[in-house]
Every structure is written in structure tokens, then in C-alpha cells.
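**Student:** Got final_1.cif for you, mmCIF, C-alpha atoms:
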data_structure
#
loop_
_atom_site.label_atom_id
_atom_site.label_comp_id
_atom_site.auth_asym_id
_atom_site.auth_seq_id
_atom_site.Cartn_x
_atom_site.Cartn_y
_atom_site.Cartn_z
CA MET A 1 -4.01 -6.15 -4.63
CA ARG A 2 -2.94 -9.50 -3.18
CA PHE A 3 0.09 -11.75 -3.42
CA ASP A 4 0.37 -13.22 -6.90
CA ALA A 5 1.31 -16.88 -6.59
CA THR A 6 1.19 -17.43 -10.36
CA SER A 7 4.20 -15.23 -11.15
CA ASP A 8 7.83 -16.03 -10.43
CA THR A 9 9.77 -12.85 -11.05
CA VAL A 10 13.14 -11.83 -9.72
CA VAL A 11 11.38 -9.66 -7.12
CA HIS A 12 9.35 -12.68 -5.93
CA ARG A 13 12.60 -14.51 -5.16
CA LEU A 14 14.15 -11.70 -3.10
CA ASP A 15 14.36 -11.91 0.67
CA PRO A 16 11.46 -9.91 2.18
CA ARG A 17 13.90 -8.04 4.42
CA THR A 18 15.71 -6.83 1.32
CA LYS A 19 12.45 -5.61 -0.18
CA LEU A 20 11.56 -3.80 3.05
CA PHE A 21 14.97 -2.13 3.02
CA VAL A 22 14.51 -0.95 -0.57
CA GLN A 23 11.03 0.36 0.28
CA ALA A 24 12.43 2.35 3.19
CA ALA A 25 15.21 3.71 0.97
CA VAL A 26 12.67 4.78 -1.66
CA ALA A 27 10.59 6.57 1.00
CA ILE A 28 13.65 8.41 2.35
CA ALA A 29 14.73 9.40 -1.16
CA ALA A 30 11.20 10.59 -1.98
CA PHE A 31 11.12 12.88 1.05
CA ALA A 32 14.66 14.11 0.41
CA HIS A 33 14.16 14.94 -3.28
CA THR A 34 10.88 16.82 -3.64
CA THR A 35 11.73 18.66 -6.85
CA PRO A 36 10.17 17.65 -10.18
CA ARG A 37 13.55 16.35 -11.37
CA GLY A 38 13.95 14.13 -8.30
CA LEU A 39 10.40 12.81 -8.54
CA LEU A 40 10.90 12.14 -12.24
CA ALA A 41 13.88 9.92 -11.39
CA LEU A 42 11.83 8.14 -8.73
CA THR A 43 9.03 7.68 -11.25
CA GLY A 44 11.39 5.76 -13.51
CA PHE A 45 12.52 3.66 -10.56
CA ALA A 46 8.93 2.91 -9.43
CA LEU A 47 7.93 1.89 -12.97
CA ALA A 48 11.01 -0.33 -13.22
CA VAL A 49 10.09 -2.01 -9.92
CA CYS A 50 6.54 -2.62 -11.12
CA TRP A 51 7.88 -4.07 -14.37
CA LEU A 52 10.32 -6.38 -12.59
CA ALA A 53 7.58 -7.48 -10.18
CA ALA A 54 5.03 -8.04 -12.99
CA THR A 55 2.76 -5.53 -11.28
CA PRO A 56 0.35 -3.75 -13.65
CA VAL A 57 0.48 -0.02 -12.97
CA LEU A 58 -3.07 0.82 -14.05
CA ALA A 59 -4.57 -2.04 -12.04
CA SER A 60 -2.55 -0.91 -9.03
CA LEU A 61 -3.87 2.64 -9.36
CA ARG A 62 -7.43 1.34 -9.69
CA SER A 63 -7.01 -0.56 -6.44
CA TYR A 64 -6.34 2.81 -4.73
CA ARG A 65 -9.17 4.67 -6.43
CA ALA A 66 -10.82 5.36 -3.07
CA PHE A 67 -7.76 7.37 -1.97
CA LEU A 68 -6.90 9.09 -5.24
CA PRO A 69 -9.55 11.84 -4.85
CA PHE A 70 -7.87 12.93 -1.61
CA LEU A 71 -4.50 13.17 -3.37
CA VAL A 72 -6.07 15.30 -6.09
CA ALA A 73 -8.07 17.43 -3.65
CA ALA A 74 -5.01 18.52 -1.63
CA PRO A 75 -3.41 20.74 -4.32
CA VAL A 76 -6.82 21.97 -5.50
CA VAL A 77 -7.84 23.11 -2.01
CA GLU A 78 -4.42 24.67 -1.39
CA GLY A 79 -4.58 26.68 -4.61
CA LEU A 80 -8.11 28.02 -4.13
CA THR A 81 -8.56 31.58 -2.83
CA LEU A 82 -11.60 33.46 -1.60
CA GLY A 83 -11.10 36.26 -4.11
CA GLY A 84 -9.47 36.89 -7.44
CA PRO A 85 -7.68 35.22 -9.11
CA TRP A 86 -9.58 32.37 -7.31
CA PHE A 87 -6.79 29.89 -7.91
CA VAL A 88 -3.05 30.41 -7.36
CA LEU A 89 -1.05 27.83 -9.27
CA ALA A 90 2.14 28.46 -7.30
CA ASP A 91 0.40 27.53 -4.04
CA ALA A 92 -0.76 24.21 -5.51
CA VAL A 93 2.65 23.07 -6.76
CA THR A 94 4.08 21.91 -3.43
CA PRO A 95 1.03 19.83 -2.35
CA ALA A 96 0.77 18.44 -5.90
CA LEU A 97 4.35 17.19 -5.71
CA ALA A 98 3.64 15.74 -2.25
CA SER A 99 0.57 13.90 -3.56
CA TYR A 100 2.56 12.54 -6.49
CA ARG A 101 5.26 11.38 -4.08
CA VAL A 102 2.64 9.41 -2.10
CA LEU A 103 1.43 7.88 -5.37
CA LEU A 104 4.93 6.60 -6.17
CA LEU A 105 5.27 5.08 -2.71
CA LEU A 106 1.93 3.33 -3.16
CA LEU A 107 3.13 1.77 -6.42
CA VAL A 108 6.32 0.46 -4.79
CA SER A 109 4.31 -0.86 -1.84
CA THR A 110 1.91 -2.62 -4.22
CA ALA A 111 4.84 -4.37 -5.89
CA TYR A 112 5.96 -5.57 -2.45
CA ILE A 113 2.51 -6.89 -1.54
CA ARG A 114 2.15 -8.62 -4.89
CA THR A 115 5.50 -10.40 -4.57
CA THR A 116 5.62 -11.27 -0.85
CA ARG A 117 3.59 -13.79 1.12
CA VAL A 118 1.98 -12.60 4.33
CA ARG A 119 3.86 -15.18 6.41
CA ALA A 120 7.15 -14.06 4.88
CA SER A 121 6.37 -10.43 5.73
CA ARG A 122 5.62 -11.39 9.31
CA ALA A 123 8.84 -13.39 9.55
CA ALA A 124 10.83 -10.46 8.15
CA ILE A 125 9.35 -7.99 10.63
CA GLN A 126 9.93 -10.30 13.59
CA SER A 127 13.53 -10.90 12.53
CA LEU A 128 14.20 -7.17 12.16
CA LEU A 129 12.42 -6.25 15.42
CA PRO A 130 13.04 -8.98 17.99
CA GLY A 131 11.04 -9.43 21.17
CA ARG A 132 7.34 -9.05 21.91
CA ALA A 133 7.19 -5.75 19.98
CA GLY A 134 8.23 -7.53 16.77
CA VAL A 135 5.72 -10.31 17.38
CA VAL A 136 2.88 -7.84 17.90
CA LEU A 137 3.85 -5.74 14.87
CA GLY A 138 4.35 -8.82 12.68
CA ALA A 139 0.99 -10.27 13.66
CA GLY A 140 -0.70 -6.92 13.09
CA VAL A 141 0.77 -6.57 9.61
CA GLY A 142 -0.32 -10.10 8.79
CA PHE A 143 -3.87 -9.41 9.95
CA VAL A 144 -4.10 -6.17 7.96
CA LEU A 145 -2.79 -7.74 4.75
CA ARG A 146 -5.33 -10.55 5.05
CA PHE A 147 -8.26 -8.41 6.23
CA LEU A 148 -8.15 -5.39 3.92
CA PRO A 149 -8.73 -7.30 0.64
CA LEU A 150 -11.83 -8.88 2.17
CA LEU A 151 -13.17 -5.47 3.18
CA ARG A 152 -12.58 -4.14 -0.33
CA GLU A 153 -14.49 -7.08 -1.78
CA ASP A 154 -17.35 -6.46 0.66
CA LEU A 155 -17.60 -2.81 -0.38
CA SER A 156 -17.55 -3.79 -4.04
CA THR A 157 -20.33 -6.32 -3.41
CA ILE A 158 -22.39 -3.71 -1.56
CA ARG A 159 -22.08 -1.21 -4.40
CA SER A 160 -22.98 -3.84 -7.01
CA ALA A 161 -26.03 -4.91 -5.02
CA MET A 162 -27.12 -1.30 -4.59
CA ASP A 163 -26.77 -0.63 -8.33
CA ALA A 164 -28.80 -3.75 -9.12
CA ARG A 165 -31.59 -2.37 -6.93
CA LEU A 166 -31.51 1.03 -8.69
CA GLY A 167 -29.60 2.55 -5.82
CA SER A 168 -27.84 4.83 -8.29
CA THR A 169 -31.07 6.82 -8.55
CA ARG A 170 -30.86 7.81 -4.89
CA SER A 171 -29.16 10.98 -3.72
CA LEU A 172 -25.42 11.00 -3.08
CA ARG A 173 -25.97 11.42 0.66
CA GLU A 174 -28.29 8.41 0.77
CA ARG A 175 -25.85 6.25 -1.21
CA ILE A 176 -22.99 7.18 1.11
CA ARG A 177 -25.14 6.35 4.12
CA LEU A 178 -26.17 2.96 2.74
CA VAL A 179 -22.63 1.97 1.77
CA GLY A 180 -21.19 3.24 5.05
CA VAL A 181 -23.73 1.57 7.35
CA THR A 182 -23.72 -1.72 5.47
CA GLY A 183 -19.93 -1.66 5.20
CA LEU A 184 -19.51 -1.13 8.96
CA ARG A 185 -21.94 -3.96 9.62
CA ARG A 186 -19.83 -6.23 7.42
CA VAL A 187 -16.63 -5.07 9.16
CA PHE A 188 -17.92 -5.98 12.61
CA ALA A 189 -19.29 -9.30 11.38
CA ARG A 190 -15.97 -10.20 9.79
CA ALA A 191 -14.07 -9.10 12.89
CA ASP A 192 -16.19 -11.42 15.05
CA ARG A 193 -15.64 -14.34 12.66
CA PHE A 194 -11.94 -13.52 12.47
CA ALA A 195 -11.57 -13.59 16.27
CA LEU A 196 -13.45 -16.90 16.42
CA ALA A 197 -11.20 -18.35 13.70
CA LEU A 198 -8.08 -17.31 15.63
CA GLN A 199 -9.39 -19.04 18.75
CA ALA A 200 -10.34 -22.17 16.81
CA ARG A 201 -6.83 -22.37 15.34
CA CYS A 202 -5.16 -21.79 18.72
CA PHE A 203 -3.49 -18.54 17.70
CA ALA A 204 -0.01 -18.41 19.21
CA TRP A 205 2.44 -15.61 19.73
CA ASN A 206 5.35 -17.81 18.66
CA PRO A 207 4.21 -19.55 15.46
CA THR A 208 6.55 -21.50 13.22
CA LEU A 209 7.36 -19.01 10.48
CA PRO A 210 9.12 -19.75 7.19
CA PRO A 211 12.94 -19.52 7.37
CA LEU A 212 14.51 -16.51 5.68
CA ALA A 213 17.81 -16.88 3.87
CA PRO A 214 19.20 -14.15 1.60
CA THR A 215 20.78 -15.29 -1.65
CA TRP A 216 23.06 -13.76 -4.26
CA ARG A 217 19.99 -12.18 -5.87
CA ASP A 218 19.64 -9.88 -2.86
CA ALA A 219 23.05 -8.27 -3.35
CA PRO A 220 22.03 -6.06 -6.33
CA ALA A 221 18.81 -5.05 -4.55
CA VAL A 222 20.72 -4.11 -1.39
CA ALA A 223 23.15 -2.12 -3.54
CA VAL A 224 20.22 -0.26 -5.09
CA GLY A 225 18.85 0.52 -1.63
CA VAL A 226 22.24 1.81 -0.47
CA ALA A 227 22.49 3.94 -3.62
CA LEU A 228 19.06 5.43 -2.92
CA LEU A 229 20.09 6.29 0.65
CA ALA A 230 23.30 7.86 -0.60
CA TRP A 231 21.32 9.87 -3.15
CA ALA A 232 18.96 11.03 -0.41
CA VAL A 233 21.84 12.16 1.80
CA TRP A 234 23.70 13.77 -1.10
#
Represent the supplied structure as C-alpha cells.
**Tutor:**
Amino acid sequence: MRFDATSDTVVHRLDPRTKLFVQAAVAIAAFAHTTPRGLLALTGFALAVCWLAATPVLASLRSYRAFLPFLVAAPVVEGLTLGGPWFVLADAVTPALASYRVLLLLLVSTAYIRTTRVRASRAAIQSLLPGRAGVVLGAGVGFVLRFLPLLREDLSTIRSAMDARLGSTRSLRERIRLVGVTGLRRVFARADRFALALQARCFAWNPTLPPLAPTWRDAPAVAVGVALLAWAVW
């Protein structure tokens, strides 16, 4: 899911550093409160963030459909046994809660991506982490946020083309091989074009980034982040 320039919610207008702080606070709270009651409270918070950021929850989950099977497989594998009773529910509870915790963090992260421009994210990271380390990390985050949506579109195009050519009649192993090989070929081709584009645009380590200035709208968000940290410690 990409930045949505058509919406203008209260989350869109927050300083990106404030949003990063709230994300970090949510992650700390999620790892501190691993009980069903704590995760239920975080579920309400994540849904409220998605609502304030005009981020559709179902569409966000669909964008992570490639990772969802791994989150489901973790508790299933942990609960399986080689003998009777074949599945121990108690053993699957802890990994199930951990998978659900990751799902909540993905929703909050999606709201951030949808409401924050890539250049603003880079400026926020470089302001929080000064020096060459911040420049490298900021540039890397910017590249990832721009590159991953293109790779997802390439994979979707490959699957659609394979279905149009009756690729769905092939075996699962053959379909995985075709998608994997073609996808890697697209990745390397895009990486080469991306490097050439950076050279053509005279990529610099000290670009002119947008100025960041917190406003009164950031105060409630910072208070929420502080409250989450206090809840995690308490």
C-alpha cells in the first residue's frame, strides 16, 4: 500500500517523527502486553489508527496476503505432535498471540505508509539519526518504500499472465518455479534501471529534504505515545 495523496486526514498532517514515535510505542506495548486482554486493547487502538488515517483494514490485510500464511503456520506447527492427541491447543496459544501481535503492528505500519510521503520519512530519519548513518538509513528506507510496490505489481502481472496462458493447470511446483524465476529476473532488471536512474539524476548524499515542523496537532499524538510507553512499563 502506497502513500495516499487524495486523503487529508489528521494523521496525514502529523509530523512524521511523531508518527514514528507512536509506532515505536505501539511496538513496545505489544511486546510488553502479550496477554489476550492486552492485545485486545491494542486491537482497538490499531483499528482507531486505521480509521483516523482512512486506511481500509481489509485492503491492508490483502496487501500482506503473501505473509499471512506464515503467521498462521507458526501456531499450527507449534501445536502439532507426532502422536496422540496430534494437536495440543495450549502449545499453539503463545505463537498464535505472537502472530496476532505482528498483524497489529503491520496495520499500524500500513497507516504510517499511507499517510507519509517517502521524502518526509527520509527527512524524519535523518533528523532523528544525524550523521552519515542517518543519511544511509534514510536513503535505504526511501529506496525500499519506492521499490517494494513495484515488485508487488510485477509479481501480480506475472501471475495474471500465467493464468491467461493456462498456467493454473500446471503443478504447484512448476508454478512456484515460473513465478520465482520470472520474478527474480524482473528484480534484477529493475535494480539495474534503478541504479541507472540514480546516476542520471546525480544522486547525492545531502539532498534538499522537506522541512519538518511539529504543530499543535502533534501534542495529542505524542501524549498517546507517552501513555503507551507508560502502559508498557506499568
**Student:** With distances taken over all atoms listed in the file, which of A:Ala200, A:Arg185, A:Ile28, A:Pro220 is nearest to A:Arg101?
**Tutor:**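 Nearest to A:Arg101: A:Ile28.
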**Student:** Taking the file above as input, evaluate the PyMOL selection byres ((chain A and resi 229) around 8) and report the hits as number ranges by chain.
**Tutor:** A: 25-26, 28-29, 225-228, 230-233
**Student:** Pull the closest atom pair for each residue of stretch 69-153 of chain A that gets at most 10 Å from stretch 31-38 of chain A, along with the distance in Å to one decimal, counting all atoms listed in the file, ordering rows by chain and then ascending residue number, as a tab-separated table.
**Tutor:**
residue	atom	partner	partner_atom	distance
A:Val93	CA	A:Pro36	CA	9.9
A:Thr94	CA	A:Thr34	CA	8.5
A:Leu97	CA	A:Thr34	CA	6.9
A:Ala98	CA	A:Thr34	CA	7.5
A:Tyr100	CA	A:Thr34	CA	9.8
A:Arg101	CA	A:Thr34	CA	7.8
A:Val102	CA	A:Phe31	CA	9.7
**Student:** Find the residues with any atom within 6 Å of (5.7, -4.3, -7.7); use all atoms listed in the file and the coordinates as given in the file, and write the answer as a ChimeraX atom specification.
**Tutor:** /A:49-50,53,55,108,110-112
**Student:** Just give me the gap between atom CA of A:Val179 and atom CA of A:Ile158 in Å, one decimal is fine.
**Tutor:**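 These two atoms are separated by 6.6 Å.
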**Student:** So what does the PyMOL selection byres ((chain A and resi 187) around 12) actually pick up in this one, as a ChimeraX atom specification?
**Tutor:** /A:147-155,179-186,188-194
**Student:** Would you mind reading off the distance between atom CA of A:Ser127 and atom CA of A:Phe45, one decimal, in Å?
**Tutor:**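 Atom CA of A:Ser127 sits 27.3 Å away from atom CA of A:Phe45.
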**Student:** Might you pull out every residue within 10 Å of stretch 140-142 of chain A, with all atoms listed in the file counted and same-chain residues fewer than 6 positions away left off, and present them as a PyMOL selection string?
**Tutor:** chain A and resi 117-123+125+134
**Student:** Residues near A:Val72, anyone? I mean within 10 Å using only C-alpha atoms, not counting same-chain ones fewer than 5 positions away, as a ChimeraX atom specification.
**Tutor:** /A:67,77,95-96,99-100
**Student:** Taking the file as shown, find all residues satisfying the PyMOL selection byres ((chain A and resi 22) around 8) and write them as a list in words.
**Tutor:**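 For this structure, the PyMOL selection byres ((chain A and resi 22) around 8) captures Thr18, Lys19, Leu20, Phe21, Gln23, Ala24, Ala25, Val26, Ala221, Val222, Val224 and Gly225 of chain A.
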**Student:** Please determine, counting all atoms listed in the file, which residue among A:Ala124, A:Val88, A:Leu178, A:Ala41 has the shortest atom-to-atom distance to A:Leu209.
**Tutor:** A:Ala124
**Student:** What is the distance between atom CA of A:Glu174 and atom CA of A:Pro75, in Å to one decimal?
**Tutor:** 28.2 Å
**Student:** Pick out the closest residue to A:Gln126 from this set: A:Pro85, A:Arg217, A:Pro211, A:Thr9. Count all atoms listed in the file.
**Tutor:**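 Closest to A:Gln126 of all the choices is A:Pro211.
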**Student:** With all atoms listed in the file as the atoms that count, which of A:Trp216, A:Trp234, A:Arg159, A:Leu80 lies nearest to A:Ile176?
**Tutor:** A:Arg159
**Student:** Let me make sure I understand: among A:Ala66, A:Arg175, A:Arg17, A:Leu105, which one has the smallest atom-to-atom distance to A:Leu39 if we use all atoms listed in the file?
**Tutor:**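 Of A:Ala66, A:Arg175, A:Arg17, A:Leu105, the one nearest A:Leu39, counting all atoms listed in the file, is A:Leu105.
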